[in-house]
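Encoded as structure tokens, the structure appears first; notes follow it.
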Amino acid sequence: MNDGVAPAEARPPDRPPSVDALARSLADVGLPHPLLVDAARAAIAAGEPERARAVAVGLARSLLQPVVNATGVLLHTNLGRAPLAHLQAATYTNLELDLGTGRRGSRSDHAAALVAKAAGAPAALVTNNGAAAVLLVLAALAAGRDVVVSRGELIEIGGGFRIPEVMEQSGARLVEVGTTNRTRRSDYERACAAPGGVALVLKVHRSNYRIEGFTEDVAVADLAGLGPAVVVDLGSGLLDAACPWLEGGPPSWLRDEPAVRQTLAAGADLVVFSGDKLLGGPQAGIIAGRSDLVRACAAHPLARALRPGGLVLGSLQDVALAYLDRTAGALPFWSMATVPEAALRARADAVVADAGVGRTVGCSSLPGGGTLPGVEIPSAGVAVPGDRVDDLRHGHPAVLARVVGDETVLDLRTVNPADDAIVAAALRRITGG
């Protein structure tokens, strides 16, 4: 009905921008065009085309990239644990070729053989991580049979890795002995004497927690004479308690850490450990010990599914060679772990002077990576007032720090000295210096 008032002129809705044009405007973000198109489409679909750049930047930040670890956690699981450089030309390698005979070789002829030599083991096999190594040992040596484990060693580590669940997946049957805090040799003896026999005795190093007080456990040497093969999951993978690759010998914070060489010498038939923890190498799982048991693991169908690629094996070979020629102290993990506190304080003073903000402070670093629970390593770093962790993390590159009390502390033990200038620049940026 016309009441004498002219109707308002209909206005067409705003036309969304061209996806392609918006994506091309984001080229400086540095992502491939198809990913920029995805960012543009997501922003337009949300009715916020002006946020396309933020979406693209967020996508770029989600990709793998270098970060500066100033948290003081040496083996930071979220940051890839032990940092390690490995360069390999784009070339073929004799990964599974015997150059002497021209016939097919084994992946264990290279890195695994060298790790075995360094650990004082007759043989070794490499898998893609420590959990895989445990799974393979149980599946190959104990499927359908009993495996005895102390109740105090039924551990869970990061990511939900639980010994009982891994054992279930392997097909082995868990036989628990002892109590949470006390397990005696007699407990193992009774289990091993049960009808049907026992395939393995599994001893698991409590590398990420401690039980203190009224406790008792059984040493590897006391388990070795029980009859079944003794498998020790060391997890953290200290190769030799004597640390012959360090000029000053083992640091005091390693005093109670069991090592691969000594565990084998004490009578363990197999030792399982990680490559990217105290070994300071790439992510890998290593099975070392009796040749017949290692061969049985290598022959199991799971071995192919759990094996690492050539890049990991090449990197691990470099690490094993460093241990054999006693230069492993130069590996990034050991270099950072053993630098004197005085040297860190001198670096912190220089960073403070460069940044023009902050103060040098003493702090404590942690081994991390599920190793050496409760152990702290004296360190030094730079502190600035307030919680600036988020501000530092959003820089380029991201700098990861921690809050202590009412200050943000950047622990320099876990920072490559070449990155001190990046730390100083980050401090200037977040404080307006």
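Labels for the structure tokens follow display order: chains A, B, ..., residues from 1 in each chain, ligands from 1.
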
Extract the full set of alpha helix (DSSP H) residues from segment 249-360 of chain A according to DSSP on the backbone, and format it as a VMD selection string.
chain A and resid 260 to 265 291 to 299 301 to 305 310 to 324 332 to 338 341 to 355

Quick one: residues within 12 Å of Ala172 of chain A, only C-alpha atoms, excluding same-chain residues fewer than 5 positions away - as a PyMOL selection string?
chain A and resi 134-149+163-167+198-202

Mind running segment 273-311 of chain A against segment 238-261 of chain A at 12 Å and telling me each contacting residue's nearest atom pair with the distance in Å (one decimal), counting only C-alpha atoms, chain and number ascending, as JSON lines?
```
{"residue": "A:Phe273", "atom": "CA", "partner": "A:Val260", "partner_atom": "CA", "distance": 8.1}
{"residue": "A:Ser274", "atom": "CA", "partner": "A:Leu238", "partner_atom": "CA", "distance": 9.2}
{"residue": "A:Gly275", "atom": "CA", "partner": "A:Leu238", "partner_atom": "CA", "distance": 9.6}
{"residue": "A:Asp276", "atom": "CA", "partner": "A:Leu238", "partner_atom": "CA", "distance": 10.6}
{"residue": "A:Lys277", "atom": "CA", "partner": "A:Leu238", "partner_atom": "CA", "distance": 8.1}
{"residue": "A:Leu278", "atom": "CA", "partner": "A:Leu238", "partner_atom": "CA", "distance": 5.2}
{"residue": "A:Leu279", "atom": "CA", "partner": "A:Leu238", "partner_atom": "CA", "distance": 5.9}
{"residue": "A:Gly280", "atom": "CA", "partner": "A:Leu238", "partner_atom": "CA", "distance": 9.2}
{"residue": "A:Gly281", "atom": "CA", "partner": "A:Leu238", "partner_atom": "CA", "distance": 11.4}
{"residue": "A:Ile286", "atom": "CA", "partner": "A:Val260", "partner_atom": "CA", "distance": 10.6}
{"residue": "A:Ile287", "atom": "CA", "partner": "A:Val260", "partner_atom": "CA", "distance": 10.4}
{"residue": "A:Ala288", "atom": "CA", "partner": "A:Val260", "partner_atom": "CA", "distance": 8.6}
{"residue": "A:Gly289", "atom": "CA", "partner": "A:Val260", "partner_atom": "CA", "distance": 9.6}
```

Mind writing the picked residues with N, CA and C atoms as an mmCIF file, in the first residue's frame?
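File selection39.cif, as written:
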```cif
data_model
loop_
_atom_site.group_PDB
_atom_site.id
_atom_site.type_symbol
_atom_site.label_atom_id
_atom_site.label_comp_id
_atom_site.auth_asym_id
_atom_site.auth_seq_id
_atom_site.Cartn_x
_atom_site.Cartn_y
_atom_site.Cartn_z
ATOM 1 N N PHE A 273 66.707 -48.106 24.491
ATOM 2 C CA PHE A 273 66.823 -46.695 24.870
ATOM 3 C C PHE A 273 66.536 -45.790 23.683
ATOM 4 N N SER A 274 66.354 -44.507 23.981
ATOM 5 C CA SER A 274 66.026 -43.516 22.959
ATOM 6 C C SER A 274 67.283 -42.877 22.393
ATOM 7 N N GLY A 275 67.185 -42.422 21.155
ATOM 8 C CA GLY A 275 68.318 -41.764 20.515
ATOM 9 C C GLY A 275 68.358 -40.274 20.751
ATOM 10 N N ASP A 276 67.211 -39.657 21.073
ATOM 11 C CA ASP A 276 67.134 -38.193 21.133
ATOM 12 C C ASP A 276 67.097 -37.649 22.550
ATOM 13 N N LYS A 277 67.536 -38.459 23.519
ATOM 14 C CA LYS A 277 67.607 -37.970 24.896
ATOM 15 C C LYS A 277 69.076 -37.787 25.278
ATOM 16 N N LEU A 278 69.550 -38.535 26.264
ATOM 17 C CA LEU A 278 70.924 -38.328 26.723
ATOM 18 C C LEU A 278 71.971 -38.773 25.707
ATOM 19 N N LEU A 279 71.563 -39.508 24.685
ATOM 20 C CA LEU A 279 72.502 -39.824 23.608
ATOM 21 C C LEU A 279 72.805 -38.577 22.782
ATOM 22 N N GLY A 280 71.831 -37.650 22.734
ATOM 23 C CA GLY A 280 72.027 -36.409 21.989
ATOM 24 C C GLY A 280 71.888 -36.560 20.495
ATOM 25 N N GLY A 281 71.166 -37.594 20.039
ATOM 26 C CA GLY A 281 71.029 -37.853 18.612
ATOM 27 C C GLY A 281 69.639 -37.574 18.095
ATOM 28 N N ILE A 286 66.608 -47.672 20.123
ATOM 29 C CA ILE A 286 67.745 -48.566 19.914
ATOM 30 C C ILE A 286 67.593 -49.797 20.799
ATOM 31 N N ILE A 287 67.741 -50.957 20.187
ATOM 32 C CA ILE A 287 67.740 -52.238 20.880
ATOM 33 C C ILE A 287 69.161 -52.770 20.801
ATOM 34 N N ALA A 288 69.808 -52.971 21.933
ATOM 35 C CA ALA A 288 71.211 -53.399 21.927
ATOM 36 C C ALA A 288 71.404 -54.569 22.878
ATOM 37 N N GLY A 289 72.243 -55.538 22.461
ATOM 38 C CA GLY A 289 72.534 -56.655 23.342
ATOM 39 C C GLY A 289 72.833 -57.935 22.594
#
```

Given only C-alpha atoms as the counted atoms, nearest of A:Leu99, A:Asn94, A:Leu344, A:Ile430 to Arg393 of chain A:
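Residue with the minimum atom-to-atom distance to Arg393 of chain A: A:Ile430.
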
Please identify which residues in segment 8-249 of chain A DSSP calls strand (DSSP E) from the backbone, and express them as a PyMOL selection string.
chain A and resi 68-69+73-75+123-127+146-150+156-157+161-162+173-177+200-204+229-235

Nearest residue to Glu216 of chain A from the set A:Ser150, A:Gln169, A:Ser291, A:Thr77 (distances using only C-alpha atoms)
A:Ser150

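Considering only C-alpha atoms, the residue among A:Thr431, A:Ala320, A:Ala298, A:Ile422 positioned nearest to Asp387 of chain A is A:Thr431.
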
Report as a PDB file with N, CA and C atoms, in the first residue's frame all protein, DNA and RNA residues lying within 12 Å of Gly395 of chain A, evaluated on only C-alpha atoms, omitting residues in the same chain fewer than 5 positions from it.
```pdb
ATOM      1  N   ARG A  61      52.820 -19.602  10.936  1.00  0.00           N
ATOM      2  CA  ARG A  61      53.387 -19.839  12.264  1.00  0.00           C
ATOM      3  C   ARG A  61      53.157 -21.265  12.730  1.00  0.00           C
ATOM      4  N   PRO A  66      62.476 -22.901  13.018  1.00  0.00           N
ATOM      5  CA  PRO A  66      63.402 -22.776  14.151  1.00  0.00           C
ATOM      6  C   PRO A  66      62.826 -21.878  15.244  1.00  0.00           C
ATOM      7  N   VAL A  67      63.115 -22.236  16.487  1.00  0.00           N
ATOM      8  CA  VAL A  67      62.770 -21.397  17.626  1.00  0.00           C
ATOM      9  C   VAL A  67      64.001 -21.298  18.518  1.00  0.00           C
ATOM     10  N   VAL A  68      64.016 -20.294  19.372  1.00  0.00           N
ATOM     11  CA  VAL A  68      65.084 -20.134  20.353  1.00  0.00           C
ATOM     12  C   VAL A  68      64.567 -20.647  21.686  1.00  0.00           C
ATOM     13  N   ARG A 388      56.229 -11.873  30.204  1.00  0.00           N
ATOM     14  CA  ARG A 388      56.386 -11.480  28.797  1.00  0.00           C
ATOM     15  C   ARG A 388      56.542 -12.701  27.888  1.00  0.00           C
ATOM     16  N   VAL A 389      56.118 -13.857  28.378  1.00  0.00           N
ATOM     17  CA  VAL A 389      56.289 -15.108  27.634  1.00  0.00           C
ATOM     18  C   VAL A 389      55.558 -15.058  26.300  1.00  0.00           C
ATOM     19  N   ASP A 390      54.296 -14.588  26.309  1.00  0.00           N
ATOM     20  CA  ASP A 390      53.531 -14.532  25.060  1.00  0.00           C
ATOM     21  C   ASP A 390      54.165 -13.565  24.066  1.00  0.00           C
ATOM     22  N   LEU A 400      61.325 -18.813  23.338  1.00  0.00           N
ATOM     23  CA  LEU A 400      60.553 -19.470  24.395  1.00  0.00           C
ATOM     24  C   LEU A 400      61.247 -19.259  25.726  1.00  0.00           C
ATOM     25  N   ILE A 422      69.788 -12.584  18.930  1.00  0.00           N
ATOM     26  CA  ILE A 422      68.341 -12.695  18.714  1.00  0.00           C
ATOM     27  C   ILE A 422      67.601 -12.481  20.026  1.00  0.00           C
ATOM     28  N   VAL A 423      68.128 -13.028  21.114  1.00  0.00           N
ATOM     29  CA  VAL A 423      67.520 -12.838  22.418  1.00  0.00           C
ATOM     30  C   VAL A 423      67.530 -11.356  22.804  1.00  0.00           C
ATOM     31  N   ALA A 425      67.658  -8.764  20.806  1.00  0.00           N
ATOM     32  CA  ALA A 425      66.719  -8.047  19.947  1.00  0.00           C
ATOM     33  C   ALA A 425      65.272  -8.277  20.384  1.00  0.00           C
ATOM     34  N   ALA A 426      64.963  -9.506  20.801  1.00  0.00           N
ATOM     35  CA  ALA A 426      63.607  -9.813  21.273  1.00  0.00           C
ATOM     36  C   ALA A 426      63.282  -9.028  22.530  1.00  0.00           C
ATOM     37  N   LEU A 427      64.257  -8.904  23.426  1.00  0.00           N
ATOM     38  CA  LEU A 427      64.040  -8.130  24.654  1.00  0.00           C
ATOM     39  C   LEU A 427      63.826  -6.652  24.339  1.00  0.00           C
ATOM     40  N   ARG A 428      64.598  -6.143  23.391  1.00  0.00           N
ATOM     41  CA  ARG A 428      64.383  -4.732  23.002  1.00  0.00           C
ATOM     42  C   ARG A 428      62.990  -4.544  22.425  1.00  0.00           C
ATOM     43  N   ARG A 429      62.554  -5.509  21.611  1.00  0.00           N
ATOM     44  CA  ARG A 429      61.243  -5.383  20.952  1.00  0.00           C
ATOM     45  C   ARG A 429      60.098  -5.368  21.963  1.00  0.00           C
ATOM     46  N   ILE A 430      60.126  -6.279  22.934  1.00  0.00           N
ATOM     47  CA  ILE A 430      58.972  -6.381  23.845  1.00  0.00           C
ATOM     48  C   ILE A 430      58.978  -5.291  24.909  1.00  0.00           C
TER      49      ILE A 430
END
```

Give me the residues near segment 374-378 of chain A as a list in words, where near means some atom within 9 Å (using only C-alpha atoms) and where sequence neighbours in that chain fewer than 3 positions away do not count.
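What passes the distance filter is Asn208, Tyr209, Arg210, Trp253, Leu254, Ala337, Pro340, Glu341, Gly362, Cys363, Ser364, Ser365, Leu366, Pro367 and Thr371 of chain A.
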